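Engineer: Got a file for you: entry-v2.txt, compact mmCIF, C-alpha atoms.
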```txt
# COMPACT_ATOMS: atom_id res chain seq x y z
CA MET A 16 1.68 -6.91 -16.31
CA GLY A 17 3.38 -6.66 -12.98
CA ILE A 18 7.15 -6.44 -12.55
CA SER A 19 9.11 -6.70 -9.29
CA VAL A 20 12.43 -8.05 -8.00
CA ASP A 21 10.67 -10.98 -6.33
CA SER A 22 11.36 -14.51 -7.53
CA PRO A 23 8.78 -16.22 -9.78
CA ALA A 24 7.77 -18.34 -6.76
CA ASP A 25 7.19 -15.31 -4.52
CA SER A 26 5.32 -13.53 -7.30
CA ARG A 27 3.12 -16.58 -7.78
CA LYS A 28 2.21 -16.45 -4.07
CA LEU A 29 1.31 -12.76 -4.42
CA CYS A 30 -0.80 -13.39 -7.52
CA GLU A 31 -2.64 -16.24 -5.84
CA SER A 32 -3.31 -14.34 -2.61
CA ARG A 33 -4.51 -11.22 -4.47
CA ARG A 34 -6.21 -13.22 -7.25
CA TYR A 35 -4.25 -11.38 -9.95
CA THR A 36 -5.01 -12.71 -13.41
CA PHE A 37 -2.42 -10.64 -15.29
CA PRO A 38 1.15 -11.91 -15.92
CA PHE A 39 3.70 -11.08 -13.23
CA LEU A 40 7.38 -10.92 -14.16
CA SER A 41 10.50 -11.35 -12.07
CA ASP A 42 13.29 -8.80 -12.55
CA ASP A 43 15.53 -10.22 -9.84
CA ASN A 44 18.61 -8.11 -10.58
CA ALA A 45 16.45 -4.99 -11.18
CA ASP A 46 17.95 -4.41 -14.65
CA THR A 47 14.63 -3.61 -16.31
CA ILE A 48 13.54 -1.55 -13.31
CA ARG A 49 16.77 0.45 -13.62
CA ARG A 50 16.30 1.02 -17.37
CA TYR A 51 12.82 2.44 -16.79
CA GLY A 52 14.33 4.81 -14.22
CA VAL A 53 12.18 3.57 -11.34
CA LEU A 54 14.87 2.02 -9.14
CA HIS A 55 14.59 2.52 -5.38
CA PRO A 56 18.20 1.83 -4.33
CA LYS A 57 18.41 -0.18 -1.12
CA GLY A 58 14.65 0.18 -0.68
CA GLY A 59 14.05 -3.46 0.15
CA GLU A 60 14.82 -5.87 2.94
CA GLY A 61 18.52 -6.09 3.73
CA GLY A 62 19.37 -3.11 1.53
CA LYS A 63 18.24 -4.82 -1.67
CA ASP A 64 17.50 -2.64 -4.70
CA ILE A 65 13.78 -2.68 -5.54
CA ALA A 66 11.35 -0.75 -7.75
CA ARG A 67 9.50 2.36 -6.69
CA PRO A 68 5.79 2.04 -7.50
CA ALA A 69 5.15 3.14 -11.11
CA GLU A 70 2.83 2.40 -14.01
CA PHE A 71 3.64 2.77 -17.72
CA LEU A 72 1.41 2.35 -20.76
CA VAL A 73 3.36 1.30 -23.87
CA ASP A 74 1.79 1.33 -27.34
CA ALA A 75 2.30 -1.26 -30.08
CA THR A 76 5.30 0.65 -31.49
CA GLY A 77 7.04 0.39 -28.11
CA THR A 78 6.57 4.06 -27.24
CA ILE A 79 5.58 5.13 -23.74
CA ARG A 80 2.18 6.83 -23.94
CA TRP A 81 1.18 7.32 -20.29
CA VAL A 82 3.09 7.28 -17.00
CA ASN A 83 1.90 7.38 -13.41
CA LEU A 84 4.50 8.06 -10.70
CA THR A 85 3.17 8.26 -7.18
CA ASP A 86 5.01 9.99 -4.35
CA ASP A 87 3.45 7.63 -1.80
CA ILE A 88 3.77 3.84 -1.78
CA ARG A 89 0.19 3.58 -0.52
CA VAL A 90 -1.33 5.53 -3.38
CA ARG A 91 -1.18 3.69 -6.72
CA ALA A 92 -2.88 4.29 -10.04
CA ARG A 93 -6.55 3.42 -9.89
CA PRO A 94 -7.76 0.86 -12.42
CA GLU A 95 -10.18 3.38 -13.96
CA SER A 96 -7.40 5.90 -14.69
CA VAL A 97 -5.35 3.19 -16.41
CA LEU A 98 -8.41 2.18 -18.46
CA MET A 99 -9.01 5.82 -19.40
CA ALA A 100 -5.40 6.10 -20.60
CA ILE A 101 -5.87 2.94 -22.68
CA ASP A 102 -9.13 4.29 -24.16
CA ARG A 103 -7.35 7.49 -25.23
CA LEU A 104 -4.64 5.42 -26.90
CA LEU A 105 -7.01 3.27 -28.98
CA MET B 21 -20.20 -0.80 47.34
CA LYS B 22 -18.80 -2.89 44.55
CA ARG B 23 -17.25 -0.97 41.69
CA SER B 24 -17.96 -2.17 38.19
CA ARG B 25 -15.42 -2.77 35.46
CA ASN B 26 -14.94 0.17 33.17
CA ILE B 27 -15.75 -1.53 29.90
CA LEU B 28 -15.54 1.71 27.88
CA ASN B 29 -11.79 1.93 28.41
CA TRP B 30 -11.20 -1.54 27.02
CA ALA B 31 -13.70 -1.17 24.21
CA GLY B 32 -12.12 2.14 23.20
CA PHE B 33 -8.64 0.65 23.21
CA ALA B 34 -9.82 -2.39 21.22
CA ILE B 35 -11.24 -0.10 18.53
CA VAL B 36 -7.99 1.88 18.41
CA LEU B 37 -6.10 -1.41 17.93
CA ILE B 38 -8.46 -2.35 15.09
CA ALA B 39 -7.90 1.10 13.56
CA VAL B 40 -4.16 0.40 13.38
CA VAL B 41 -4.11 -3.21 12.21
CA SER B 42 -7.02 -3.05 9.76
CA TYR B 43 -5.38 -0.67 7.28
CA VAL B 44 -2.94 -2.96 5.48
CA PRO B 45 -4.99 -6.17 5.23
CA PHE B 46 -8.36 -4.50 4.68
CA PHE B 47 -8.81 -0.77 4.06
CA ALA B 48 -5.68 -0.40 1.88
CA LEU B 49 -7.13 -2.90 -0.62
CA SER B 50 -9.74 -0.44 -1.89
CA PRO B 51 -8.63 2.94 -3.29
CA ALA B 52 -11.64 4.65 -1.67
CA THR B 53 -10.35 3.88 1.84
CA ARG B 54 -6.66 3.66 0.89
CA ASP B 55 -5.63 7.03 -0.53
CA ILE B 56 -7.11 8.98 2.38
CA PRO B 57 -7.48 6.52 5.28
CA TRP B 58 -10.69 8.12 6.54
CA ALA B 59 -12.16 4.82 7.77
CA ASN B 60 -9.17 4.31 10.05
CA TYR B 61 -9.32 7.90 11.30
CA LEU B 62 -13.01 7.36 12.04
CA LEU B 63 -12.18 4.23 14.07
CA PHE B 64 -9.52 6.19 15.99
CA LEU B 65 -12.13 8.87 16.70
CA ILE B 66 -14.69 6.35 17.99
CA GLY B 67 -12.09 4.51 20.09
CA GLY B 68 -10.74 7.78 21.47
CA ALA B 69 -14.23 9.01 22.36
CA LEU B 70 -15.04 5.80 24.25
CA LEU B 71 -11.73 6.04 26.11
CA ALA B 72 -12.39 9.67 26.95
CA VAL B 73 -15.80 8.85 28.44
CA GLY B 74 -14.37 5.83 30.26
CA VAL B 75 -11.43 7.67 31.80
CA ARG B 76 -13.63 10.63 32.67
CA ARG B 77 -16.07 8.47 34.63
CA ALA B 78 -13.18 6.59 36.30
CA PHE B 79 -11.94 9.87 37.74
CA ARG B 80 -15.27 11.66 38.25
CA ASP B 81 -17.18 8.66 39.58
CA SER B 82 -14.50 6.45 41.08
CA ALA B 83 -16.99 5.17 43.63
CA HIS B 84 -18.71 3.24 40.84
CA TYR B 85 -16.04 2.63 38.22
CA HIS B 86 -12.58 1.12 38.05
CA GLY B 87 -10.08 2.24 35.50
CA LYS B 88 -8.10 5.26 36.68
CA ILE B 89 -4.76 3.52 36.15
CA SER B 90 -5.67 1.10 33.38
CA GLY B 91 -7.61 3.82 31.56
CA SER B 92 -4.65 6.20 31.75
CA ILE B 93 -2.27 3.54 30.44
CA LEU B 94 -4.65 2.60 27.62
CA THR B 95 -5.04 6.28 26.70
CA VAL B 96 -1.27 6.74 26.43
CA LEU B 97 -0.94 3.54 24.37
CA SER B 98 -3.78 4.68 22.11
CA ALA B 99 -2.13 8.06 21.59
CA LEU B 100 1.14 6.31 20.64
CA LEU B 101 -0.66 4.00 18.22
CA PHE B 102 -2.41 6.97 16.62
CA ALA B 103 0.89 8.82 16.29
CA PHE B 104 2.50 5.74 14.72
CA PHE B 105 -0.36 5.47 12.22
CA VAL B 106 -0.25 9.14 11.26
CA VAL B 107 3.54 9.10 10.81
CA SER B 108 3.27 5.93 8.72
CA VAL B 109 0.66 7.22 6.29
CA THR B 110 1.89 10.82 6.02
CA TYR B 111 5.68 10.43 6.18
CA LEU B 112 7.07 6.86 6.06
CA SER B 113 5.02 5.84 3.02
CA LYS B 114 6.46 8.81 1.10
CA GLN B 115 10.10 7.82 1.59
CA ILE B 116 10.74 6.83 -2.04
CA PRO B 117 13.08 8.33 -4.64
CA ALA B 118 11.87 11.35 -6.63
CA ALA B 119 10.18 10.57 -9.93
CA GLY B 120 12.62 12.63 -12.02
CA THR B 121 14.72 9.70 -13.26
CA ALA B 122 11.75 7.77 -14.69
CA LEU B 123 11.24 7.46 -18.44
CA ARG B 124 8.72 9.94 -19.86
CA VAL B 125 5.84 9.91 -22.28
CA GLY B 126 7.18 9.80 -25.87
CA GLN B 127 10.34 7.89 -25.00
CA LYS B 128 11.00 4.36 -26.25
CA ALA B 129 10.13 1.69 -23.69
CA PRO B 130 13.23 -0.48 -23.15
CA ALA B 131 12.69 -4.06 -24.34
CA PHE B 132 12.95 -6.82 -21.74
CA VAL B 133 12.92 -10.59 -21.40
CA LEU B 134 11.88 -11.72 -17.91
CA LEU B 135 10.57 -14.87 -16.22
CA ASP B 136 6.87 -15.12 -15.42
CA THR B 137 5.48 -16.92 -12.35
CA ALA B 138 5.63 -20.27 -14.15
CA GLY B 139 9.31 -19.75 -14.99
CA ASN B 140 8.67 -19.08 -18.70
CA GLN B 141 10.63 -16.36 -20.49
CA VAL B 142 8.39 -13.48 -21.53
CA SER B 143 9.64 -11.01 -24.15
CA SER B 144 8.19 -7.51 -24.44
CA ALA B 145 8.91 -7.56 -28.20
CA ASP B 146 6.80 -10.71 -28.63
CA LEU B 147 4.01 -9.25 -26.52
CA LEU B 148 3.91 -6.05 -28.59
CA LYS B 149 3.63 -8.09 -31.78
CA ASN B 150 0.44 -9.70 -30.54
CA HIS B 151 -1.17 -6.89 -28.53
CA HIS B 152 -2.18 -3.25 -28.98
CA GLY B 153 -0.03 -2.24 -26.05
CA LEU B 154 1.28 -3.12 -22.62
CA VAL B 155 0.56 -1.84 -19.14
CA LEU B 156 3.67 -2.22 -16.97
CA ILE B 157 3.06 -2.05 -13.23
CA PHE B 158 6.24 -1.85 -11.17
CA TYR B 159 5.87 -3.32 -7.68
CA ARG B 160 8.11 -2.96 -4.67
CA GLY B 161 7.78 -6.69 -4.01
CA TYR B 162 8.21 -8.54 -0.71
CA TRP B 163 4.55 -9.37 -0.22
```
So, in terms of structure tokens, how does the structure I just supplied come out?
Structural biologist:
Amino acid sequence: MGISVDSPADSRKLCESRRYTFPFLSDDNADTIRRYGVLHPKGGEGGKDIARPAEFLVDATGTIRWVNLTDDIRVRARPESVLMAIDRLL
Amino acid sequence: MKRSRNILNWAGFAIVLIAVVSYVPFFALSPATRDIPWANYLLFLIGGALLAVGVRRAFRDSAHYHGKISGSILTVLSALLFAFFVVSVTYLSKQIPAAGTALRVGQKAPAFVLLDTAGNQVSSADLLKNHHGLVLIFYRGYW
């Protein structure tokens, strides 16, 4: 699922425009983002704290099993590499 | 003798403009043209080549072609647009915090309860009870 600091309404717009079918969650005060260590302080409009791009795979016991941390906001994890990580987990 | 309009200058500049504005709404959507923006570089190359031919004939064959001044201005603008694009994709897009603070493989994923797009509370603990795992994708937002 997706997580950002955007409001549920803004996230809904994003999901509709990009035709996302996965759940998208709103972390408006960036608490969860901070606890995963992927905060980008003052990275957003008007100096708002946002998330840096990051992808985590969590197994059923709640343990992190795969992490992808880009150094470029343009370059995100490709779907096939996420699927490969899931295949290795199962 | 009537001089003809130097269409190559304008066509070249138009392609350079397309090279700049097409990345975010189009080429960035597919990883194959996103990670290395080769399609945009190719458009810059084509636009630049047309401009080069257009400006060259404006100066070499000014009896037949317009475009010494407009071609020069369009060339400078194109160079600035190209520079802006290169700086954006090689420097500005990398201005994010280092990855060192992020949680690592093997660590416990912090539990969360957050609102989904319908305003319903979603709990990671509940999700993990009913699924084999979770993929969490952190977005910058503002889209």
Engineer: Provide as an MDAnalysis selection string the residues of chain A at most 7 Å from chain B, counting all atoms listed in the file.
Structural biologist: chainID A and resid 16:21 23:24 26:27 29 38:42 47 50:53 55 65:75 77:82 84 86:90 93
Engineer: Please indicate the distance in Å from atom CA of B:His86 to atom CA of B:Arg25, rounded to one decimal place.
Structural biologist: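 Atom CA of B:His86 sits 5.5 Å away from atom CA of B:Arg25.
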Engineer: Which polymer residues, whether protein, DNA or RNA, lie within 8 Å of the coordinate (-8.8, 3.1, 26.6) when you count only C-alpha atoms? List them as a ChimeraX atom specification, using the chain letters and numbers from the file.
Structural biologist: /B:28-34,67-68,70-72,74-75,90-95,98
Engineer: When you look at A:Ala92 with a cut-off of 8 Å (counting all atoms listed in the file), what residues show up, excluding the ones that are within fewer than 5 positions of it in the same chain? I need them as a list of chain:residue names.
Structural biologist: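 Residues near the query, excluding close chain neighbours: A:Glu70, A:Asn83, A:Thr85, A:Val97.
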Engineer: Which value, in Å to one decimal, gives the distance between atom CA of A:Lys28 and atom CA of A:Leu54?
Structural biologist: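 The value is 23.0 Å.
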Engineer: From the set B:Arg76, B:Ala83, B:Leu97, B:Ile35, which residue has the shortest atom-to-atom contact distance to B:Asn60, counting all atoms listed in the file?
Structural biologist: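 Among the listed residues, B:Ile35 lies closest to B:Asn60.
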Engineer: How many Å lie between atom CA of A:Ile101 and atom CA of A:Tyr35, rounded to one decimal?
Structural biologist: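 These atoms are spaced 19.2 Å apart.
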Engineer: Please define a box with edges along x, y and z of the file around all atoms of stretch 39-47 of chain B given in the file, extend it by 8 Å on each side, and return its centre and edge lengths in Å to one decimal, as AutoDock Vina command-line options.
Structural biologist:
```
--center_x -5.9 --center_y -2.5 --center_z 8.8 --size_x 21.9 --size_y 23.3 --size_z 25.5
```
